[in-house]
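Engineer: Structure: protein.cif, mmCIF, C-alpha atoms and all ligand atoms.
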```cif
data_my_file
loop_
_atom_site.label_atom_id
_atom_site.label_comp_id
_atom_site.auth_asym_id
_atom_site.auth_seq_id
_atom_site.Cartn_x
_atom_site.Cartn_y
_atom_site.Cartn_z
CA MET A 1 -5.45 29.59 -4.93
CA THR A 2 -6.51 29.79 -8.59
CA PRO A 3 -10.19 29.75 -9.65
CA THR A 4 -9.55 26.42 -11.37
CA TYR A 5 -8.31 24.93 -8.18
CA THR A 6 -11.18 26.29 -6.12
CA CYS A 7 -13.45 24.70 -8.64
CA PHE A 8 -11.68 21.36 -8.24
CA LYS A 9 -11.94 21.69 -4.50
CA LYS A 10 -15.70 22.19 -4.68
CA LEU A 11 -15.98 19.23 -6.98
CA ILE A 12 -13.92 16.98 -4.76
CA THR A 13 -15.86 18.06 -1.71
CA PHE A 14 -19.05 17.26 -3.56
CA LEU A 15 -17.81 13.85 -4.63
CA ILE A 16 -16.65 13.00 -1.16
CA ILE A 17 -20.01 13.94 0.30
CA SER A 18 -21.78 11.90 -2.38
CA GLN A 19 -19.57 8.94 -1.72
CA SER A 20 -20.10 9.03 2.00
CA SER A 21 -23.85 9.12 1.48
CA LYS A 22 -23.55 6.06 -0.77
CA GLN A 23 -24.89 7.82 -3.83
CA VAL A 24 -21.88 7.56 -6.05
CA HIS A 25 -21.29 3.98 -7.04
CA SER A 26 -24.37 2.89 -8.84
CA SER A 27 -25.39 6.23 -10.27
CA VAL A 28 -21.98 7.43 -11.37
CA ARG A 29 -20.66 4.24 -12.80
CA ALA A 30 -23.71 3.86 -14.97
CA VAL A 31 -22.86 7.11 -16.76
CA ALA A 32 -19.92 7.54 -19.12
CA PRO A 33 -17.97 9.56 -19.71
CA GLN A 34 -17.57 10.94 -16.24
CA SER A 35 -17.54 14.54 -17.42
CA ILE A 36 -21.17 14.24 -18.52
CA TYR A 37 -22.17 13.29 -15.00
CA LEU A 38 -20.19 16.12 -13.56
CA CYS A 39 -21.67 18.48 -16.10
CA ALA A 40 -25.12 17.63 -14.89
CA VAL A 41 -24.19 18.24 -11.29
CA ILE A 42 -21.73 21.10 -11.28
CA PRO A 43 -21.89 22.89 -14.64
CA ALA A 44 -19.21 25.38 -13.62
CA CYS A 45 -16.65 22.59 -13.38
CA VAL A 46 -17.32 20.93 -16.69
CA ILE A 47 -14.69 22.68 -18.74
CA LYS A 48 -12.05 22.29 -16.10
CA LEU A 49 -12.73 18.59 -15.83
CA SER A 50 -12.94 17.76 -19.49
CA LEU A 51 -9.85 16.21 -20.96
CA ASP A 52 -7.45 18.15 -23.14
CA PRO A 53 -6.39 16.42 -26.40
CA VAL A 54 -3.25 14.95 -24.83
CA GLU A 55 -5.23 13.61 -21.88
CA GLU A 56 -7.80 12.14 -24.25
CA ARG A 57 -4.96 10.36 -26.05
CA ILE A 58 -3.62 9.09 -22.70
CA VAL A 59 -7.01 7.60 -21.80
CA GLU A 60 -7.44 6.12 -25.27
CA LEU A 61 -3.99 4.52 -25.22
CA SER A 62 -4.48 3.22 -21.68
CA LYS A 63 -7.74 1.57 -22.64
CA SER A 64 -6.14 0.04 -25.73
CA LEU A 65 -3.42 -1.42 -23.49
CA SER A 66 -5.92 -3.16 -21.22
CA SER A 67 -5.17 -6.66 -22.54
CA TYR A 68 -1.40 -6.01 -22.36
CA VAL A 69 -1.73 -4.96 -18.71
CA ILE A 70 -3.91 -7.98 -17.89
CA ASP A 71 -1.46 -10.36 -19.63
CA ILE A 72 1.48 -8.93 -17.68
CA ARG A 73 -0.49 -9.12 -14.45
CA ARG A 74 -1.39 -12.76 -15.07
CA ASN A 75 2.18 -13.61 -16.04
CA ILE A 76 3.50 -12.17 -12.77
CA HIS A 77 0.60 -13.61 -10.79
CA ALA A 78 1.47 -17.13 -11.95
CA HIS A 79 5.10 -16.65 -10.86
CA PRO A 80 5.00 -14.94 -7.45
CA GLU A 81 8.26 -14.07 -5.71
CA LEU A 82 8.71 -13.10 -2.06
CA ARG A 83 10.50 -10.00 -0.77
CA PHE A 84 13.99 -9.42 -2.15
CA GLU A 85 13.59 -12.51 -4.38
CA GLU A 86 11.86 -10.68 -7.25
CA TYR A 87 14.43 -11.88 -9.83
CA ARG A 88 12.04 -13.00 -12.57
CA THR A 89 9.69 -10.06 -12.06
CA SER A 90 12.47 -7.47 -12.12
CA LYS A 91 14.00 -9.05 -15.25
CA LEU A 92 10.59 -8.79 -16.96
CA VAL A 93 10.29 -5.15 -15.89
CA GLU A 94 13.82 -4.34 -16.99
CA ASP A 95 13.32 -5.93 -20.44
CA GLU A 96 10.05 -4.07 -21.01
CA LEU A 97 11.51 -0.71 -19.98
CA ARG A 98 14.59 -1.13 -22.18
CA LYS A 99 12.37 -1.93 -25.17
CA LEU A 100 10.54 1.36 -24.55
CA GLY A 101 13.71 3.46 -24.48
CA PHE A 102 13.89 4.05 -20.73
CA GLU A 103 17.23 4.44 -19.01
CA VAL A 104 17.23 1.51 -16.58
CA TYR A 105 19.18 0.78 -13.44
CA ARG A 106 18.92 -1.44 -10.39
CA ALA A 107 18.21 -0.36 -6.83
CA ALA A 108 17.68 -2.18 -3.52
CA ASP A 109 18.95 -5.48 -5.01
CA THR A 110 15.85 -6.60 -6.90
CA GLY A 111 14.37 -3.16 -7.56
CA VAL A 112 14.30 -1.50 -10.98
CA ILE A 113 14.30 2.22 -11.73
CA GLY A 114 13.24 3.40 -15.18
CA VAL A 115 13.98 6.97 -16.24
CA LEU A 116 12.37 8.82 -19.14
CA LYS A 117 13.76 12.28 -19.72
CA SER A 118 12.22 14.81 -22.07
CA GLY A 119 13.92 18.17 -21.70
CA GLU A 120 14.60 20.14 -18.55
CA GLY A 121 11.89 20.39 -15.93
CA ARG A 122 10.51 18.85 -12.80
CA VAL A 123 11.01 15.21 -11.81
CA VAL A 124 8.01 13.06 -10.92
CA ALA A 125 8.23 9.50 -9.59
CA LEU A 126 5.61 6.77 -9.91
CA ARG A 127 5.95 3.70 -7.72
CA ALA A 128 4.84 0.06 -7.93
CA ASP A 129 5.77 -2.66 -5.45
CA MET A 130 6.54 -6.13 -6.80
CA ASP A 131 6.62 -8.75 -4.03
CA ALA A 132 4.20 -11.57 -3.24
CA LEU A 133 3.20 -13.22 0.05
CA PRO A 134 3.75 -16.61 1.68
CA VAL A 135 0.13 -17.63 1.06
CA GLN A 136 -1.16 -20.78 -0.69
CA GLU A 137 -3.53 -19.64 -3.44
CA GLU A 138 -7.04 -21.10 -3.37
CA ASN A 139 -8.39 -19.45 -6.53
CA ASP A 140 -9.26 -21.76 -9.40
CA VAL A 141 -8.19 -19.51 -12.28
CA PRO A 142 -6.02 -20.14 -15.37
CA TYR A 143 -3.36 -17.77 -14.02
CA LYS A 144 -3.22 -19.40 -10.56
CA SER A 145 0.16 -19.30 -8.79
CA LYS A 146 2.50 -22.01 -10.03
CA VAL A 147 4.62 -21.72 -6.88
CA PRO A 148 3.37 -23.69 -3.85
CA GLY A 149 2.97 -21.53 -0.76
CA LYS A 150 3.46 -18.23 -2.58
CA MET A 151 0.84 -15.91 -3.98
CA HIS A 152 0.21 -12.37 -5.12
CA ALA A 153 -2.47 -11.90 -2.48
CA CYS A 154 -2.09 -8.12 -2.17
CA GLY A 155 -2.28 -7.12 -5.84
CA HIS A 156 1.34 -6.08 -6.34
CA ASP A 157 1.25 -8.05 -9.62
CA ALA A 158 -1.40 -5.58 -10.81
CA HIS A 159 0.72 -2.64 -9.62
CA VAL A 160 3.66 -3.74 -11.77
CA ALA A 161 1.38 -4.33 -14.77
CA MET A 162 -0.37 -0.95 -14.48
CA LEU A 163 2.93 0.90 -14.21
CA LEU A 164 4.40 -0.97 -17.18
CA GLY A 165 1.28 0.06 -19.08
CA ALA A 166 2.01 3.66 -18.07
CA ALA A 167 5.61 3.21 -19.26
CA ARG A 168 4.24 2.37 -22.70
CA VAL A 169 1.91 5.36 -22.79
CA LEU A 170 4.60 7.73 -21.51
CA SER A 171 7.06 6.43 -24.06
CA ALA A 172 4.50 6.96 -26.85
CA MET A 173 3.90 10.59 -25.79
CA ARG A 174 7.44 11.40 -24.78
CA GLU A 175 7.63 14.55 -26.92
CA LYS A 176 4.66 15.99 -25.00
CA LEU A 177 6.50 15.81 -21.67
CA VAL A 178 8.67 18.51 -20.14
CA GLY A 179 10.89 17.02 -17.46
CA THR A 180 11.65 13.58 -16.13
CA VAL A 181 9.52 10.61 -15.15
CA LYS A 182 11.08 8.10 -12.80
CA LEU A 183 9.37 4.73 -12.49
CA VAL A 184 10.18 2.98 -9.22
CA PHE A 185 9.59 -0.77 -9.28
CA GLN A 186 10.26 -1.55 -5.66
CA PRO A 187 10.99 -4.88 -3.94
CA ALA A 188 9.92 -6.05 -0.52
CA GLU A 189 6.98 -3.92 0.54
CA GLU A 190 5.64 -6.81 2.63
CA GLY A 191 7.70 -6.46 5.78
CA GLY A 192 11.04 -5.90 4.04
CA ALA A 193 10.98 -2.08 3.97
CA GLY A 194 12.15 -2.13 0.35
CA ALA A 195 11.19 1.53 0.03
CA LYS A 196 13.63 2.45 2.81
CA LYS A 197 16.43 0.81 0.87
CA ILE A 198 15.44 2.61 -2.34
CA VAL A 199 15.53 5.93 -0.48
CA GLU A 200 18.82 5.18 1.28
CA GLU A 201 20.47 4.34 -2.04
CA GLY A 202 19.54 7.76 -3.33
CA ALA A 203 17.23 6.48 -6.08
CA ILE A 204 14.67 9.24 -5.47
CA ASP A 205 17.14 12.06 -4.89
CA GLY A 206 16.08 15.08 -6.94
CA VAL A 207 12.47 13.88 -7.25
CA ASN A 208 9.93 16.71 -6.77
CA ALA A 209 6.85 14.57 -6.20
CA ILE A 210 6.00 10.88 -5.91
CA PHE A 211 2.74 8.97 -6.37
CA GLY A 212 1.98 5.38 -5.41
CA LEU A 213 -1.07 3.38 -6.45
CA HIS A 214 -2.52 0.34 -4.67
CA VAL A 215 -5.47 -1.76 -5.75
CA TRP A 216 -8.04 -1.89 -2.97
CA SER A 217 -10.36 -4.80 -2.22
CA GLU A 218 -12.71 -2.82 0.00
CA LEU A 219 -13.47 -0.19 -2.61
CA PRO A 220 -15.95 -0.78 -5.47
CA SER A 221 -14.30 -1.49 -8.78
CA GLY A 222 -13.07 1.60 -10.59
CA VAL A 223 -13.43 4.07 -7.72
CA ILE A 224 -10.21 5.97 -7.02
CA ALA A 225 -9.50 7.39 -3.57
CA THR A 226 -6.91 9.14 -1.48
CA ARG A 227 -6.90 11.50 1.47
CA LYS A 228 -5.01 14.54 2.67
CA GLY A 229 -2.56 14.08 5.53
CA PRO A 230 -2.37 10.90 7.63
CA ALA A 231 -3.60 7.89 5.66
CA ASN A 232 -1.94 4.71 6.94
CA ALA A 233 -0.71 3.94 10.44
CA SER A 234 2.86 3.21 11.45
CA SER A 235 3.72 -0.40 12.14
CA THR A 236 6.12 -1.75 14.76
CA SER A 237 6.63 -5.49 15.25
CA ILE A 238 7.55 -6.73 18.71
CA LEU A 239 8.75 -9.95 20.29
CA ILE A 240 8.11 -10.54 23.98
CA LYS A 241 10.16 -13.28 25.68
CA ILE A 242 9.34 -14.68 29.11
CA LYS A 243 11.98 -17.07 30.45
CA GLY A 244 11.30 -19.40 33.36
CA LEU A 245 12.05 -23.04 34.10
CA GLY A 246 10.10 -25.84 32.50
CA GLY A 247 9.17 -29.26 33.79
CA HIS A 248 6.38 -31.77 34.27
CA ALA A 249 2.89 -30.27 34.24
CA ALA A 250 1.98 -32.47 37.19
CA HIS A 251 4.56 -30.66 39.35
CA PRO A 252 4.32 -26.92 38.64
CA GLU A 253 5.72 -26.25 42.12
CA LEU A 254 9.10 -27.51 40.85
CA THR A 255 9.09 -25.13 37.87
CA ARG A 256 9.02 -21.39 37.26
CA ASP A 257 6.12 -21.63 34.84
CA PRO A 258 6.42 -18.80 32.24
CA THR A 259 2.91 -19.42 30.89
CA VAL A 260 1.38 -17.87 34.02
CA PRO A 261 2.90 -14.36 33.62
CA ALA A 262 2.59 -14.74 29.82
CA ALA A 263 -1.19 -15.06 30.10
CA ASP A 264 -1.38 -12.04 32.40
CA ILE A 265 0.91 -10.05 30.10
CA TYR A 266 -1.22 -10.98 27.08
CA ASN A 267 -4.31 -9.54 28.76
CA ALA A 268 -2.57 -6.57 30.39
CA ILE A 269 -1.33 -5.33 27.01
CA GLN A 270 -4.92 -4.80 25.89
CA LYS A 271 -5.48 -2.49 28.86
CA ILE A 272 -2.79 -0.11 27.60
CA VAL A 273 -5.09 0.99 24.77
CA SER A 274 -7.97 1.84 27.10
CA ARG A 275 -6.03 3.03 30.19
CA ASN A 276 -3.00 4.91 28.84
CA ILE A 277 -4.06 6.51 25.57
CA ASP A 278 -6.88 8.99 25.08
CA ALA A 279 -10.02 7.72 23.42
CA PHE A 280 -9.64 9.89 20.30
CA THR A 281 -6.22 8.57 19.33
CA PRO A 282 -6.17 5.69 16.83
CA LEU A 283 -4.16 2.79 18.22
CA VAL A 284 -4.10 -0.98 17.78
CA VAL A 285 -1.97 -3.44 19.72
CA SER A 286 -2.34 -7.06 18.59
CA THR A 287 -0.35 -10.05 19.83
CA PRO A 288 -1.69 -12.89 17.70
CA ARG A 289 1.28 -15.28 17.86
CA PHE A 290 1.75 -17.01 21.21
CA GLU A 291 4.31 -19.81 21.38
CA ALA A 292 4.56 -21.89 24.53
CA SER A 293 4.52 -25.65 25.10
CA ARG A 294 3.78 -28.18 22.39
CA ALA A 295 2.29 -30.66 24.84
CA GLY A 296 -0.42 -30.57 27.47
CA ASN A 297 1.77 -32.17 30.10
CA VAL A 298 4.94 -30.13 29.57
CA ILE A 299 5.62 -26.73 31.11
CA PRO A 300 7.98 -24.88 28.72
CA ASP A 301 11.19 -23.08 29.65
CA ALA A 302 10.06 -19.98 27.81
CA VAL A 303 7.11 -18.31 26.10
CA GLU A 304 7.35 -16.04 23.07
CA ILE A 305 4.62 -13.59 22.11
CA TYR A 306 4.78 -11.82 18.73
CA GLY A 307 2.73 -8.75 18.06
CA THR A 308 2.33 -5.46 16.27
CA ILE A 309 1.66 -1.87 17.32
CA ARG A 310 -0.24 0.38 14.89
CA ALA A 311 -0.38 4.11 15.58
CA PHE A 312 -0.34 7.34 13.58
CA ASP A 313 1.63 9.25 16.18
CA MET A 314 5.12 7.85 16.83
CA SER A 315 5.18 9.35 20.34
CA VAL A 316 2.08 7.25 21.10
CA ARG A 317 3.94 4.22 19.74
CA ASP A 318 6.86 5.05 22.08
CA ARG A 319 4.55 5.35 25.08
CA VAL A 320 2.98 1.98 24.30
CA LEU A 321 6.40 0.35 23.95
CA GLU A 322 7.48 1.81 27.29
CA ARG A 323 4.33 0.52 28.99
CA ILE A 324 4.69 -2.96 27.44
CA GLU A 325 8.27 -3.11 28.73
CA LYS A 326 7.13 -2.31 32.27
CA VAL A 327 4.27 -4.82 32.14
CA VAL A 328 6.51 -7.58 30.78
CA LYS A 329 9.33 -6.92 33.24
CA HIS A 330 7.24 -6.68 36.40
CA TYR A 331 4.63 -9.34 35.63
CA SER A 332 7.48 -11.75 34.81
CA ALA A 333 9.41 -10.86 37.96
CA ALA A 334 6.32 -11.50 40.10
CA TRP A 335 6.54 -15.15 39.05
CA ASP A 336 10.36 -15.44 39.21
CA CYS A 337 10.68 -15.28 35.43
CA GLU A 338 12.65 -12.90 33.23
CA GLY A 339 10.78 -10.83 30.70
CA SER A 340 12.10 -8.81 27.77
CA VAL A 341 10.69 -6.92 24.78
CA GLU A 342 12.44 -6.25 21.48
CA VAL A 343 11.42 -4.49 18.30
CA ILE A 344 11.94 -6.83 15.36
CA GLY A 345 12.33 -5.85 11.72
CA THR A 346 12.13 -2.27 10.49
CA PRO A 347 9.23 -0.21 11.86
CA TYR A 348 7.24 1.55 9.12
CA PRO A 349 6.40 5.20 9.79
CA PRO A 350 2.84 6.42 9.07
CA VAL A 351 1.85 7.35 5.51
CA VAL A 352 1.19 11.09 5.55
CA ASN A 353 0.09 12.44 2.19
CA THR A 354 1.01 15.96 1.15
CA PRO A 355 -2.38 17.73 1.22
CA GLU A 356 -1.93 19.66 -2.07
CA LEU A 357 -0.77 16.57 -3.92
CA ALA A 358 -3.60 14.41 -2.54
CA GLU A 359 -6.05 17.06 -3.71
CA PHE A 360 -4.29 17.25 -7.07
CA ALA A 361 -4.40 13.44 -7.46
CA LEU A 362 -8.11 13.33 -6.63
CA ALA A 363 -8.85 16.07 -9.14
CA ILE A 364 -6.96 14.16 -11.86
CA ALA A 365 -8.68 10.90 -10.86
CA GLY A 366 -12.02 12.68 -11.24
CA LYS A 367 -11.34 12.77 -14.98
CA LEU A 368 -11.48 8.97 -15.06
CA GLY A 369 -14.61 8.33 -13.03
CA PRO A 370 -15.90 8.31 -9.46
CA VAL A 371 -13.57 9.34 -6.69
CA SER A 372 -13.81 9.19 -2.94
CA GLU A 373 -11.97 10.21 0.19
CA ALA A 374 -9.98 7.18 1.31
CA PRO A 375 -10.58 6.11 4.90
CA MET A 376 -7.68 6.19 7.35
CA SER A 377 -6.26 2.69 7.70
CA MET A 378 -4.42 0.92 10.49
CA GLY A 379 -2.72 -1.12 7.75
CA ALA A 380 0.85 0.03 7.14
CA GLU A 381 2.63 0.81 3.86
CA ASP A 382 6.30 1.40 3.28
CA PHE A 383 5.40 4.17 0.82
CA SER A 384 5.78 6.24 3.99
CA PHE A 385 9.57 6.17 3.58
CA TYR A 386 9.28 8.05 0.27
CA LEU A 387 6.93 10.59 1.84
CA GLN A 388 9.45 11.31 4.58
CA LYS A 389 11.80 12.54 1.87
CA VAL A 390 9.61 13.78 -0.98
CA PRO A 391 6.09 15.29 -1.18
CA GLY A 392 3.54 12.89 -2.62
CA ALA A 393 0.34 10.93 -2.28
CA PHE A 394 -0.64 7.32 -1.88
CA ILE A 395 -3.73 6.49 -3.92
CA ILE A 396 -6.04 3.48 -3.99
CA LEU A 397 -8.01 1.98 -6.88
CA GLY A 398 -11.11 -0.09 -6.10
CA VAL A 399 -11.06 -3.64 -7.48
CA LYS A 400 -13.97 -5.20 -5.63
CA ASN A 401 -16.64 -6.66 -7.92
CA GLU A 402 -19.33 -8.76 -6.26
CA SER A 403 -20.88 -9.85 -9.57
CA LYS A 404 -17.55 -11.49 -10.48
CA GLY A 405 -17.01 -12.97 -7.04
CA VAL A 406 -14.03 -10.65 -6.49
CA ILE A 407 -14.80 -9.99 -2.86
CA TYR A 408 -11.97 -11.36 -0.74
CA PRO A 409 -9.76 -9.07 1.36
CA HIS A 410 -6.06 -8.46 0.85
CA HIS A 411 -3.78 -11.31 1.98
CA HIS A 412 -6.64 -13.85 1.66
CA PRO A 413 -5.95 -17.10 -0.30
CA LYS A 414 -8.85 -16.16 -2.61
CA PHE A 415 -7.87 -12.52 -3.12
CA ASP A 416 -8.24 -11.38 -6.73
CA VAL A 417 -8.75 -8.14 -8.63
CA ASP A 418 -11.30 -6.94 -11.16
CA GLU A 419 -8.89 -6.77 -14.09
CA GLU A 420 -11.24 -4.72 -16.23
CA VAL A 421 -10.40 -1.54 -14.32
CA LEU A 422 -6.62 -1.88 -14.40
CA TRP A 423 -6.43 0.41 -17.44
CA LYS A 424 -7.50 3.17 -15.06
CA GLY A 425 -4.33 2.65 -13.06
CA THR A 426 -2.29 3.00 -16.23
CA ALA A 427 -4.21 6.13 -17.20
CA LEU A 428 -3.97 7.65 -13.72
CA HIS A 429 -0.21 7.17 -13.47
CA THR A 430 0.26 8.79 -16.86
CA LEU A 431 -2.18 11.63 -16.25
CA LEU A 432 -0.47 12.43 -12.94
CA ALA A 433 2.93 12.59 -14.61
CA TYR A 434 1.66 14.67 -17.54
CA ASN A 435 -0.26 17.12 -15.38
CA TYR A 436 2.53 17.47 -12.85
CA LEU A 437 5.26 18.00 -15.44
CA VAL A 438 3.48 19.90 -18.16
CA LYS A 439 0.39 21.62 -16.79
CA LYS A 440 1.98 22.26 -13.40
CA SER A 441 -1.39 22.78 -11.77
CA VAL A 442 0.18 22.02 -8.43
NI NI A 501 0.07 -4.34 -0.65
#
```
Would you kindly transcribe this structure into structure tokens?
Structural biologist:
Amino acid sequence: MTPTYTCFKKLITFLIISQSSKQVHSSVRAVAPQSIYLCAVIPACVIKLSLDPVEERIVELSKSLSSYVIDIRRNIHAHPELRFEEYRTSKLVEDELRKLGFEVYRAADTGVIGVLKSGEGRVVALRADMDALPVQEENDVPYKSKVPGKMHACGHDAHVAMLLGAARVLSAMREKLVGTVKLVFQPAEEGGAGAKKIVEEGAIDGVNAIFGLHVWSELPSGVIATRKGPANASSTSILIKIKGLGGHAAHPELTRDPTVPAADIYNAIQKIVSRNIDAFTPLVVSTPRFEASRAGNVIPDAVEIYGTIRAFDMSVRDRVLERIEKVVKHYSAAWDCEGSVEVIGTPYPPVVNTPELAEFALAIAGKLGPVSEAPMSMGAEDFSFYLQKVPGAFIILGVKNESKGVIYPHHHPKFDVDEEVLWKGTALHTLLAYNYLVKKSV
């Protein structure tokens, strides 16, 4: 390990400790530039953290592109498209990249890959997801969704905008790069496993490292975070079916009422977490969708329960699935019903960041302002499919700003982002690419 890197490690450790003791946000954000703050705290790290002339130019350009990034974000926000329907968004991306001199091709139907090559060297990929959600927007803003029932309620509009901003900066400093930057504008993160398709089509073959950036509603505006190793849980969707025989609710003795075992199964599933898995293993099993009769006097023929299993360890996921199958089968049989369990959709593996690259990303982020260790999340991300193939790190950028009323969680009808910090996403993407390709500090 080089002295520079040890220095970064100390700094990151310090920042993480500060963050966890709630000292960072108000004190750090009041001081600019960040290097001055760091200078005051850890003098030995000042030089290492200060920006070189190219990095200064990257930050300057990113800040100057703030209104461009916000305009793009608002444009996409007003025209949300669901998974694998990102036709307008991908056309916009493609047009912008072509204007900037990127080689452009399609992947995973509505995905766009932009390639910028500048001599022989390493290949770094930067990823943004593009899809919206089936949510009716409740924000009263000029850029409100124009499509009923669809909304960018997870911030993927901002991801596209920040990465297009980075495309502009990278294009402007192309002669300073040594190697190749691959921009991955991916469809269908929300349940469509778009990343899996991108990987299967070979679009990231030959990539040496990949970074993904997600705006984060639980993190104060401008704070950048990631973590080494496991970051996001795996996700497996299940459908439980209990078949019986319906009839009049006044005569249950003439039916094989599936609601009876269904209720027992619903409760028994919760016991798996406490009875079958050790207390130190993160695990969530939720079954929030329960479909039975539509009338109070009708016993249905069948009950369907939809749920999700979240775990970091896939063998734990397998054990839970096995136990659910037993519970469903035997509880159903006890009441002369037939029970079955199936996995629906594509399970997402856990996001496991490459430790060196997470550390590298945090050190680079430290040049832009406060950083923090991201908490582990039971929320899933299909960025995991890239990480199964290529080393990389998934990074989050805080966009919560209480003074602006930007406080709602992801997937909420009033979700929004603090647009003033989006330039940081543009700068971070570009700094990661520059440092990875040219400075090769990792
Ligand atoms: Ni998202």
Engineer: At a cut-off of 7 Å and counting only C-alpha atoms and all ligand atoms, what residues surround ligand NI 501 (chain A)? Please answer as a ChimeraX atom specification.
Structural biologist: /A:154-156,190,214
Engineer: Between atom CA of A:Phe312 and atom CA of A:Ala374, what is the spacing in Å?
Structural biologist: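 Answer for the atom CA of A:Ala374 to atom CA of A:Phe312 separation: 15.6 Å.
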Engineer: Contacts of A:Val115 at 6 Å or less, counting all atoms listed in the file, minus same-chain residues fewer than 3 places along, as an NGL selection string?
Structural biologist: :A and (102-103 or 181-182)
Engineer: Could the residues in this selection be written to a file with C-alpha atoms, as a compact mmCIF listing (two decimals), in the coordinates of the input?
Structural biologist:
```txt
# COMPACT_ATOMS: atom_id res chain seq x y z
CA PHE A 102 13.89 4.05 -20.73
CA GLU A 103 17.23 4.44 -19.01
CA VAL A 181 9.52 10.61 -15.15
CA LYS A 182 11.08 8.10 -12.80
```
Engineer: Counting only C-alpha atoms, which residues of stretch 46-90 of chain A sit at most 9 Å from some atom of stretch 422-435 of chain A, and what is each one's closest atom pair with its distance in Å to one decimal, listed by chain and rising residue number, as CSV?
Structural biologist:
```
residue,atom,partner,partner_atom,distance
A:Val54,CA,A:Tyr434,CA,8.8
A:Glu55,CA,A:Leu431,CA,6.7
A:Ile58,CA,A:Ala427,CA,6.3
A:Val59,CA,A:Ala427,CA,5.6
A:Glu60,CA,A:Ala427,CA,8.7
A:Leu61,CA,A:Ala427,CA,8.2
A:Ser62,CA,A:Ala427,CA,5.3
A:Lys63,CA,A:Trp423,CA,5.5
A:Ser64,CA,A:Trp423,CA,8.3
A:Leu65,CA,A:Trp423,CA,7.0
A:Ser66,CA,A:Trp423,CA,5.2
A:Ser67,CA,A:Trp423,CA,8.8
A:Val69,CA,A:Leu422,CA,7.2
A:Ile70,CA,A:Leu422,CA,7.5
```
Engineer: Within 7 Å of stretch 339-352 of chain A, counting all atoms listed in the file, which residues show up once you throw out same-chain ones fewer than 6 positions away? Write them as a list in words, please.
Structural biologist: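 Everything that qualifies: Ala193, Gly229, Pro230, Ala231, Asn232, Ala233, Ser234, Ser235, Thr236, Ser237, Ile238, Leu239, Ile240, Lys241, Ile242, Lys243, Phe312, Glu325, Val328, Lys329, Ser332, Ala380, Glu381, Asp382, Phe383, Ser384 and Leu387 of chain A.
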Engineer: At a cut-off of 9 Å, using all atoms listed in the file, what residues contact A:Pro409? Leave out same-chain residues fewer than 2 positions from it and give the result as a VMD selection string.
Structural biologist: chain A and resid 153 to 154 216 to 218 407 411 to 412 414 to 416
Engineer: Could you turn the residues from that selection into a file that holds C-alpha atoms, as a PDB file, keeping the file's coordinate frame?
Structural biologist:
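Result saved to out.pdb:
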```
ATOM      1  CA  ALA A 153      -2.470 -11.900  -2.480  1.00  0.00           C
ATOM      2  CA  CYS A 154      -2.090  -8.120  -2.170  1.00  0.00           C
ATOM      3  CA  TRP A 216      -8.040  -1.890  -2.970  1.00  0.00           C
ATOM      4  CA  SER A 217     -10.360  -4.800  -2.220  1.00  0.00           C
ATOM      5  CA  GLU A 218     -12.710  -2.820   0.000  1.00  0.00           C
ATOM      6  CA  ILE A 407     -14.800  -9.990  -2.860  1.00  0.00           C
ATOM      7  CA  HIS A 411      -3.780 -11.310   1.980  1.00  0.00           C
ATOM      8  CA  HIS A 412      -6.640 -13.850   1.660  1.00  0.00           C
ATOM      9  CA  LYS A 414      -8.850 -16.160  -2.610  1.00  0.00           C
ATOM     10  CA  PHE A 415      -7.870 -12.520  -3.120  1.00  0.00           C
ATOM     11  CA  ASP A 416      -8.240 -11.380  -6.730  1.00  0.00           C
TER      12      ASP A 416
END
```
Engineer: With all atoms listed in the file as the counted atoms, please give the residues lying no more than 7 Å from A:Leu82, apart from itself and same-chain residues fewer than 2 positions off, as a ChimeraX atom specification.
Structural biologist: /A:80,84-86,131-133
Engineer: State, in Å with one decimal place, the distance from atom CA of A:Val141 to atom CA of A:Arg83.
Structural biologist: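 Here the two named atoms are 23.9 Å from each other.
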Engineer: List as a list of chain:residue names the residues having at least one atom at most 9 Å from position (-6.1, -8.3, -13.5) as given in the file, counting all atoms listed in the file.
Structural biologist: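 Answer for this query, in the requested form: A:Val69, A:Ile70, A:Asp71, A:Ile72, A:Arg73, A:Arg74, A:His77, A:Gly155, A:Asp157, A:Ala158, A:Ala161, A:Asp416, A:Val417, A:Asp418, A:Glu419, A:Glu420, A:Val421, A:Leu422.
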Engineer: Taking all atoms listed in the file into account, name the residue in A:Leu357, A:Ala203, A:Val285, A:Ile364 that is nearest to A:Tyr386.
Structural biologist: A:Ala203
Engineer: So what do you get for atom CA of A:Lys400 versus atom CA of A:Pro375, distance-wise?
Structural biologist: 15.8 Å
Engineer: Need to verify the contact set: A:Gly121, 9 Å, all atoms listed in the file, exclusion of same-chain residues closer than 6 positions in sequence. Can you return it as a list in words?
Structural biologist: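 The contact residues come out as Val178, Gly179, Thr180, Leu437 and Val438 of chain A.
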